[in-house]
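**Q** Contents are PDB, C-alpha atoms; file name data39.pdb:
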MODEL        1
ATOM      1  CA  MET A  14     261.389 155.766 351.458
ATOM      2  CA  PHE A  15     263.633 155.359 348.420
ATOM      3  CA  GLY A  16     262.694 151.648 348.329
ATOM      4  CA  LEU A  17     259.253 152.589 347.058
ATOM      5  CA  VAL A  18     260.562 154.211 343.877
ATOM      6  CA  PRO A  19     259.778 151.833 340.959
ATOM      7  CA  PHE A  20     263.269 151.915 339.430
ATOM      8  CA  GLY A  21     263.791 148.201 340.120
ATOM      9  CA  SER A  22     260.961 147.196 337.806
ATOM     10  CA  ARG A  23     261.799 149.578 334.963
ATOM     11  CA  HIS A  24     265.197 148.531 333.705
ATOM     12  CA  ASP A  25     265.375 151.354 331.192
ATOM     13  CA  LEU A  26     265.205 153.916 334.015
ATOM     14  CA  ALA A  27     267.440 152.086 336.473
ATOM     15  CA  LYS A  28     270.575 151.565 334.395
ATOM     16  CA  LYS A  29     272.699 153.586 332.090
ATOM     17  CA  GLU A  30     272.708 152.176 328.541
ATOM     18  CA  ASP A  31     276.012 151.829 326.738
ATOM     19  CA  GLY A  32     277.432 149.711 323.900
ATOM     20  CA  PHE A  33     279.160 147.256 326.206
ATOM     21  CA  ASP A  34     275.892 146.278 327.907
ATOM     22  CA  ARG A  35     274.314 145.520 324.545
ATOM     23  CA  LEU A  36     276.956 142.834 323.869
ATOM     24  CA  PHE A  37     275.239 140.588 326.398
ATOM     25  CA  ASP A  38     271.722 141.199 325.120
ATOM     26  CA  ILE A  39     272.198 138.338 322.653
ATOM     27  CA  PHE A  40     271.437 135.924 325.488
ATOM     28  CA  ASN A  41     267.965 137.441 325.787
ATOM     29  CA  GLU A  42     267.180 136.610 322.174
ATOM     30  CA  PRO A  43     264.353 134.133 321.475
ATOM     31  CA  PHE A  44     266.796 131.509 320.126
ATOM     32  CA  PHE A  45     268.039 130.783 323.646
ATOM     33  CA  SER A  46     264.691 130.910 325.430
ATOM     34  CA  SER A  47     262.117 129.974 322.803
ATOM     35  CA  GLU A  48     259.800 127.011 323.248
ATOM     36  CA  PHE A  49     261.146 125.756 319.930
ATOM     37  CA  SER A  50     264.810 126.013 320.839
ATOM     38  CA  PRO A  51     266.534 122.673 320.172
ATOM     39  CA  PHE A  52     268.286 123.026 323.540
ATOM     40  CA  LYS A  53     265.190 123.790 325.631
ATOM     41  CA  GLY A  54     265.672 122.165 329.031
ATOM     42  CA  TRP A  55     269.330 121.353 328.388
ATOM     43  CA  GLY A  56     270.683 124.333 330.305
ATOM     44  CA  ALA A  57     273.257 126.302 328.362
ATOM     45  CA  ALA A  58     273.253 123.965 325.356
ATOM     46  CA  SER A  59     274.360 120.976 327.391
ATOM     47  CA  PHE A  60     272.978 117.890 329.093
ATOM     48  CA  LYS A  61     273.311 116.465 332.582
ATOM     49  CA  VAL A  62     275.891 113.733 333.164
ATOM     50  CA  ASP A  63     276.899 111.667 336.208
ATOM     51  CA  VAL A  64     280.142 109.648 336.290
ATOM     52  CA  LYS A  65     280.534 107.084 339.052
ATOM     53  CA  ASP A  66     283.548 104.949 340.021
ATOM     54  CA  THR A  67     282.315 101.625 341.418
ATOM     55  CA  GLY A  68     285.809 100.224 341.903
ATOM     56  CA  SER A  69     286.073  97.982 338.863
ATOM     57  CA  VAL A  70     283.850  99.954 336.471
ATOM     58  CA  TYR A  71     283.195 103.588 335.578
ATOM     59  CA  GLU A  72     279.467 104.196 335.062
ATOM     60  CA  LEU A  73     278.390 107.228 333.064
ATOM     61  CA  THR A  74     274.725 108.277 332.966
ATOM     62  CA  ALA A  75     273.609 111.076 330.615
ATOM     63  CA  ASP A  76     270.117 112.570 330.486
ATOM     64  CA  LEU A  77     269.109 113.146 326.855
ATOM     65  CA  PRO A  78     265.367 113.858 326.896
ATOM     66  CA  GLY A  79     263.639 114.072 323.538
ATOM     67  CA  VAL A  80     266.607 112.581 321.659
ATOM     68  CA  GLN A  81     266.285 109.395 319.610
ATOM     69  CA  LYS A  82     268.843 106.576 319.881
ATOM     70  CA  GLU A  83     269.772 107.039 316.201
ATOM     71  CA  ASP A  84     270.734 110.672 316.897
ATOM     72  CA  ILE A  85     273.400 109.838 319.510
ATOM     73  CA  SER A  86     277.058 109.299 318.684
ATOM     74  CA  LEU A  87     279.386 107.754 321.282
ATOM     75  CA  ARG A  88     283.180 107.567 320.723
ATOM     76  CA  TYR A  89     286.221 106.689 322.841
ATOM     77  CA  GLU A  90     289.454 108.030 321.421
ATOM     78  CA  ASN A  91     292.761 109.085 323.038
ATOM     79  CA  ASN A  92     291.330 108.513 326.535
ATOM     80  CA  TYR A  93     288.352 110.813 325.844
ATOM     81  CA  LEU A  94     284.762 109.607 325.816
ATOM     82  CA  THR A  95     282.733 111.904 323.538
ATOM     83  CA  ILE A  96     278.941 112.036 323.468
ATOM     84  CA  GLU A  97     277.220 113.935 320.668
ATOM     85  CA  ALA A  98     273.459 114.336 320.477
ATOM     86  CA  LYS A  99     271.464 115.870 317.627
ATOM     87  CA  LYS A 100     267.934 117.119 317.978
ATOM     88  CA  ASP A 101     265.599 117.911 315.107
ATOM     89  CA  GLU A 102     262.149 119.275 315.930
ATOM     90  CA  ALA A 103     259.298 120.542 313.812
ATOM     91  CA  THR A 104     256.106 122.220 314.960
ATOM     92  CA  ASN A 105     253.152 122.601 312.664
ATOM     93  CA  GLU A 106     249.925 124.404 313.318
ATOM     94  CA  LYS A 107     247.040 124.472 310.894
ATOM     95  CA  ASP A 108     247.795 123.766 307.259
ATOM     96  CA  ASP A 109     244.753 124.444 305.104
ATOM     97  CA  GLN A 110     245.939 123.211 301.712
ATOM     98  CA  ASN A 111     249.423 124.744 302.150
ATOM     99  CA  GLY A 112     248.102 128.079 303.404
ATOM    100  CA  TYR A 113     250.448 128.012 306.373
ATOM    101  CA  ILE A 114     249.457 129.806 309.512
ATOM    102  CA  ARG A 115     252.653 128.736 311.275
ATOM    103  CA  ARG A 116     255.422 126.177 310.631
ATOM    104  CA  GLU A 117     258.645 126.186 312.606
ATOM    105  CA  ARG A 118     261.675 123.931 312.571
ATOM    106  CA  SER A 119     264.785 123.756 314.722
ATOM    107  CA  VAL A 120     267.930 121.693 314.455
ATOM    108  CA  GLY A 121     270.793 121.575 316.921
ATOM    109  CA  SER A 122     273.511 119.421 318.386
ATOM    110  CA  VAL A 123     275.513 119.308 321.592
ATOM    111  CA  THR A 124     278.787 117.563 322.355
ATOM    112  CA  ARG A 125     280.517 116.759 325.634
ATOM    113  CA  SER A 126     283.846 114.999 326.189
ATOM    114  CA  PHE A 127     285.207 113.370 329.343
ATOM    115  CA  TYR A 128     288.771 112.311 330.077
ATOM    116  CA  ILE A 129     288.594 108.729 331.330
ATOM    117  CA  ASP A 130     291.752 106.641 331.159
ATOM    118  CA  ASN A 131     292.666 103.120 332.217
ATOM    119  CA  ILE A 132     289.587 101.428 330.730
ATOM    120  CA  ASP A 133     289.260  98.213 328.764
ATOM    121  CA  GLU A 134     287.973  99.505 325.417
ATOM    122  CA  ALA A 135     286.923  96.038 324.247
ATOM    123  CA  LYS A 136     284.477  95.628 327.142
ATOM    124  CA  VAL A 137     282.741  99.026 327.040
ATOM    125  CA  SER A 138     278.951  98.735 326.757
ATOM    126  CA  ALA A 139     276.188 101.317 326.299
ATOM    127  CA  GLU A 140     272.405 101.302 326.607
ATOM    128  CA  PHE A 141     269.840 103.990 325.772
ATOM    129  CA  LYS A 142     266.383 103.747 327.314
ATOM    130  CA  ASP A 143     263.703 106.350 328.133
ATOM    131  CA  GLY A 144     265.983 109.297 327.338
ATOM    132  CA  VAL A 145     268.842 108.081 329.537
ATOM    133  CA  LEU A 146     272.185 106.895 328.145
ATOM    134  CA  LYS A 147     274.140 104.512 330.389
ATOM    135  CA  VAL A 148     277.740 103.655 329.548
ATOM    136  CA  CYS A 149     279.701 101.022 331.521
ATOM    137  CA  MET A 150     283.478 101.188 331.142
ATOM    138  CA  PRO A 151     285.358  98.380 332.917
ATOM    139  CA  LYS A 152     288.800  99.340 334.196
ATOM    140  CA  LEU A 153     291.918  97.622 332.954
ATOM    141  CA  ALA A 154     293.215  94.918 335.281
ATOM    142  CA  GLU A 155     296.050  96.279 337.361
ATOM    143  CA  ALA A 156     299.455  94.859 336.629
ATOM    144  CA  GLU A 157     300.630  92.443 339.264
ATOM    145  CA  LYS A 158     302.861  93.983 341.870
ATOM    146  CA  PRO A 159     306.362  92.593 341.959
ATOM    147  CA  LYS A 160     306.732  89.936 344.609
ATOM    148  CA  GLU A 161     309.367  90.484 347.199
ATOM    149  CA  ILE A 162     311.893  87.650 347.354
ATOM    150  CA  THR A 163     313.479  86.954 350.697
ATOM    151  CA  ILE A 164     317.232  86.495 350.598
ATOM    152  CA  HIS A 165     318.519  83.677 352.852
TER     153      HIS A 165
ENDMDL
END
Would you mind giving the structure from this file in structure tokens?
**A**
Amino acid sequence: MFGLVPFGSRHDLAKKEDGFDRLFDIFNEPFFSSEFSPFKGWGAASFKVDVKDTGSVYELTADLPGVQKEDISLRYENNYLTIEAKKDEATNEKDDQNGYIRRERSVGSVTRSFYIDNIDEAKVSAEFKDGVLKVCMPKLAEAEKPKEITIH
């Protein structure tokens, strides 16, 4: 019978409130869940990436929906490939001769780095199309193995 008591739906009755619990309430703030959040749909301020080893090339695919090509920075330094994306959004509703009813703006950026060594930096290529960044990183040619010499 205790399963019928509505404590599960009323959080204020079901749990004891203390200062420590309030530390995590920041994640319930509108900044993280708002429709206007610059990271909406990017998970926890990130973006989805796939890295594939095809044998001779590493292929990286990053989903960056809503980002413009000009707002993406791609760097390879000290064996780390770094992708940075900036997003700037503005929402306007009704503007009767500057008598704003609502105007909202959001700006944000996310950065991810990946350790990828043994690539030929001169042959790296990147393409951005329909919100998807594709980076092809050819591997360095392996050094020739020493040849065994038969002694007669």
**Q** Give as a PDB file with C-alpha atoms, keeping the file's coordinate frame the residues that the PyMOL selection byres ((chain A and resi 83-98) around 7) matches when applied to the coordinates above.
**A**
ATOM      1  CA  VAL A  80     266.607 112.581 321.659  1.00  0.00           C
ATOM      2  CA  GLN A  81     266.285 109.395 319.610  1.00  0.00           C
ATOM      3  CA  LYS A  82     268.843 106.576 319.881  1.00  0.00           C
ATOM      4  CA  LYS A  99     271.464 115.870 317.627  1.00  0.00           C
ATOM      5  CA  LYS A 100     267.934 117.119 317.978  1.00  0.00           C
ATOM      6  CA  SER A 122     273.511 119.421 318.386  1.00  0.00           C
ATOM      7  CA  VAL A 123     275.513 119.308 321.592  1.00  0.00           C
ATOM      8  CA  THR A 124     278.787 117.563 322.355  1.00  0.00           C
ATOM      9  CA  ARG A 125     280.517 116.759 325.634  1.00  0.00           C
ATOM     10  CA  SER A 126     283.846 114.999 326.189  1.00  0.00           C
ATOM     11  CA  PHE A 127     285.207 113.370 329.343  1.00  0.00           C
ATOM     12  CA  TYR A 128     288.771 112.311 330.077  1.00  0.00           C
ATOM     13  CA  ILE A 129     288.594 108.729 331.330  1.00  0.00           C
ATOM     14  CA  ASP A 130     291.752 106.641 331.159  1.00  0.00           C
TER      15      ASP A 130
END
**Q** Please expand the PyMOL selection byres ((chain A and resi 71) around 9) into the concrete residues it hits in this file, giving the result as a PyMOL selection string.
**A** chain A and resi 64-70+72-73+129+132+148-152
**Q** Could you work out how far CA of Ser59 (chain A) lies from CA of Ala139 (chain A), giving the answer in Å with one decimal?
**A** 19.8 Å
**Q** Rounded to one decimal, what separation in Å do you get between CA of Asp76 (chain A) and CA of Gly144 (chain A)?
**A**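 Those two atoms sit 6.1 Å apart.
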**Q** So the first atom is CA of Val145 (chain A) and the second is CA of Pro78 (chain A); what is the distance between them in Å, to one decimal place?
**A**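 Computed distance, CA of Val145 (chain A) to CA of Pro78 (chain A), equals 7.2 Å.
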**Q** Please determine, counting only C-alpha atoms, which residue among A:Thr74, A:Glu102, A:Asp143, A:Leu153 has the shortest atom-to-atom distance to Gly121 (chain A).
**A**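 Smallest distance to Gly121 (chain A) is found for A:Glu102.
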**Q** Determine the axis-aligned bounding box of all atoms of region 138-146 of chain A present in the file, pad each side by 6 Å, and express its centre and edge lengths in Å to one decimal place as AutoDock Vina command-line options.
**A**
--center_x 271.3 --center_y 104.0 --center_z 327.7 --size_x 27.2 --size_y 22.6 --size_z 15.8
**Q** Convert the output of the PyMOL selection byres ((chain A and resi 119) around 6) on the shown file into explicit residues, formatted as a ChimeraX atom specification.
**A** /A:51,101-102,118,120
**Q** Which is closer to Asp63 (chain A) than all the others in A:Ala75, A:Glu140, A:Arg116, A:Thr163, using all atoms listed in the file?
**A**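 With all atoms listed in the file as the atom set, the closest residue is A:Ala75.
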